[in-house]
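Taking it in order: structure first as structure tokens, then the write-up.
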Amino acid sequence: MNLLPTTVVAAIDQLPEGQLVERELSLAGELESVLLLRRGGQVQAWLNLCPHAGRRLDYAPGQFLLSAGGELVCPVHGATFELQAGVCTAGPCRGQSLKALPVQLADGQVLLGGSC
Ligand code: FES
């Protein structure tokens, strides 16, 4: 288990409902691209890396391919990820998952950090 220092990402009101947002953040001293998804009062976060070959999941910064069913499609080889647990449902890394990051909400702010 890794511990990440807590990083303020955004006010929850700045994240559009139901849309993937990409942010570049310093996590444990490394600049990382992070995917954020707000649904209601909850926010999920994953590293912007496909588990198949470690490529980014956006085809251009902050631009994502979605299937007709709303799943995230990797633009490199077409792996498809459901956006509840981040599991690949089809493609070359079927059954593998996006790397989830711990999210905390406090006073309307979205924080990344804690154990992952
Ligand atoms: S890098 Fe995403 S499917 Fe190959």
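A note on labels: chains of the structure tokens are A, B, ... as shown, every chain counts residues from 1, and ligands are counted from 1 in their shown order.
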- Query: Could you write out, as a ChimeraX atom specification, all the residues of chain A that DSSP marks as strand (DSSP E or B)?
  - Reply: /A:3-11,17,20-27,30-39,42-47,58-60,63-66,72-73,80-81,87-90,97,100-101,103-106,109-115
- Can I get the residues close to ligand 1 as number ranges by chain, where close means within 10 Å and we count only C-alpha atoms and all ligand atoms? A: 49-57, 73-81, 88, 90-94
Store the residues picked out above, limited to N, CA, C and O atoms, as a compact mmCIF listing (two decimals), in the first residue's frame.
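part_27.txt written:
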# COMPACT_ATOMS: atom_id res chain seq x y z
N LEU A 49 -3.91 6.14 -17.36
CA LEU A 49 -3.03 5.15 -17.98
C LEU A 49 -3.81 3.88 -18.26
O LEU A 49 -4.48 3.35 -17.37
N CYS A 50 -3.70 3.40 -19.47
CA CYS A 50 -4.33 2.14 -19.82
C CYS A 50 -3.48 0.99 -19.28
O CYS A 50 -2.26 0.98 -19.49
N PRO A 51 -4.10 0.00 -18.62
CA PRO A 51 -3.30 -1.11 -18.10
C PRO A 51 -2.73 -2.02 -19.18
O PRO A 51 -1.84 -2.83 -18.89
N HIS A 52 -3.20 -1.88 -20.41
CA HIS A 52 -2.66 -2.73 -21.47
C HIS A 52 -1.21 -2.38 -21.79
O HIS A 52 -0.32 -3.19 -21.64
N ALA A 53 -0.97 -1.16 -22.23
CA ALA A 53 0.39 -0.78 -22.62
C ALA A 53 0.82 0.55 -22.00
O ALA A 53 1.80 1.13 -22.46
N GLY A 54 0.09 0.98 -20.99
CA GLY A 54 0.51 2.16 -20.25
C GLY A 54 0.39 3.47 -20.99
O GLY A 54 1.04 4.45 -20.64
N ARG A 55 -0.49 3.49 -21.99
CA ARG A 55 -0.69 4.73 -22.76
C ARG A 55 -1.82 5.54 -22.15
O ARG A 55 -2.68 5.02 -21.45
N ARG A 56 -1.83 6.83 -22.45
CA ARG A 56 -2.90 7.70 -21.96
C ARG A 56 -4.24 7.28 -22.58
O ARG A 56 -4.29 6.78 -23.70
N LEU A 57 -5.29 7.56 -21.84
CA LEU A 57 -6.63 7.19 -22.28
C LEU A 57 -7.34 8.31 -23.04
O LEU A 57 -8.39 8.09 -23.63
N VAL A 73 -13.24 4.22 -23.87
CA VAL A 73 -12.53 3.42 -24.86
C VAL A 73 -11.12 3.96 -25.02
O VAL A 73 -10.93 5.15 -25.31
N CYS A 74 -10.13 3.10 -24.82
CA CYS A 74 -8.74 3.51 -25.01
C CYS A 74 -8.52 3.77 -26.50
O CYS A 74 -8.84 2.92 -27.34
N PRO A 75 -7.95 4.92 -26.86
CA PRO A 75 -7.79 5.23 -28.28
C PRO A 75 -6.65 4.47 -28.96
O PRO A 75 -6.53 4.52 -30.18
N VAL A 76 -5.85 3.76 -28.18
CA VAL A 76 -4.67 3.10 -28.78
C VAL A 76 -5.04 1.74 -29.37
O VAL A 76 -4.83 1.50 -30.56
N HIS A 77 -5.61 0.84 -28.58
CA HIS A 77 -5.96 -0.50 -29.08
C HIS A 77 -7.41 -0.86 -28.77
O HIS A 77 -7.81 -2.01 -28.94
N GLY A 78 -8.19 0.08 -28.26
CA GLY A 78 -9.63 -0.15 -28.13
C GLY A 78 -10.12 -0.81 -26.87
O GLY A 78 -11.29 -1.21 -26.81
N ALA A 79 -9.29 -0.97 -25.85
CA ALA A 79 -9.80 -1.52 -24.59
C ALA A 79 -10.94 -0.64 -24.08
O ALA A 79 -10.91 0.58 -24.21
N THR A 80 -11.95 -1.28 -23.51
CA THR A 80 -13.15 -0.59 -23.05
C THR A 80 -13.29 -0.77 -21.55
O THR A 80 -13.18 -1.88 -21.04
N PHE A 81 -13.55 0.33 -20.85
CA PHE A 81 -13.60 0.31 -19.38
C PHE A 81 -14.94 0.82 -18.90
O PHE A 81 -15.39 1.91 -19.29
N CYS A 88 -11.75 -3.23 -17.21
CA CYS A 88 -11.78 -3.41 -18.65
C CYS A 88 -12.75 -4.54 -18.97
O CYS A 88 -12.61 -5.66 -18.48
N ALA A 90 -13.71 -5.23 -22.33
CA ALA A 90 -13.44 -5.77 -23.66
C ALA A 90 -12.10 -5.23 -24.15
O ALA A 90 -11.71 -4.13 -23.79
N GLY A 91 -11.42 -6.05 -24.94
CA GLY A 91 -10.15 -5.58 -25.49
C GLY A 91 -8.97 -6.34 -24.90
O GLY A 91 -9.15 -7.32 -24.17
N PRO A 92 -7.77 -5.87 -25.20
CA PRO A 92 -6.57 -6.65 -24.88
C PRO A 92 -6.23 -6.76 -23.40
O PRO A 92 -5.39 -7.58 -23.04
N CYS A 93 -6.86 -5.98 -22.54
CA CYS A 93 -6.57 -6.10 -21.10
C CYS A 93 -7.84 -6.42 -20.32
O CYS A 93 -7.97 -6.05 -19.14
N ARG A 94 -8.74 -7.15 -20.97
CA ARG A 94 -10.01 -7.53 -20.34
C ARG A 94 -9.77 -8.11 -18.95
O ARG A 94 -8.91 -8.98 -18.76
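In terms of minimum interatomic distance to Ala85 of chain A, A:Gln44 ranks closest within A:Gln44, A:Gln63, A:Thr6, A:Gln14, counting only C-alpha atoms.
With distances restricted to only C-alpha atoms, A:Leu47 is the closest residue to Leu35 of chain A from A:Asp107, A:Leu47, A:Gln96, A:Gln84.
Restricting the calculation to only C-alpha atoms, the smallest distance between Pro5 of chain A and any of A:Leu112, A:Ala106, A:Val43, A:Val21 is found for A:Leu112.
We find atom CA of Ala68 of chain A and atom CA of Val34 of chain A to be spaced 23.1 Å apart.
Closest to Leu72 of chain A among A:Thr7, A:Ser33, A:Gln104, A:Gln19 is A:Gln19, based on only C-alpha atoms.
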- Task: Rank nothing, just name the residue among A:Gly41, A:Leu98, A:Asp13, A:Glu24 nearest to Pro61 of chain A, using only C-alpha atoms.
- Result: A:Glu24
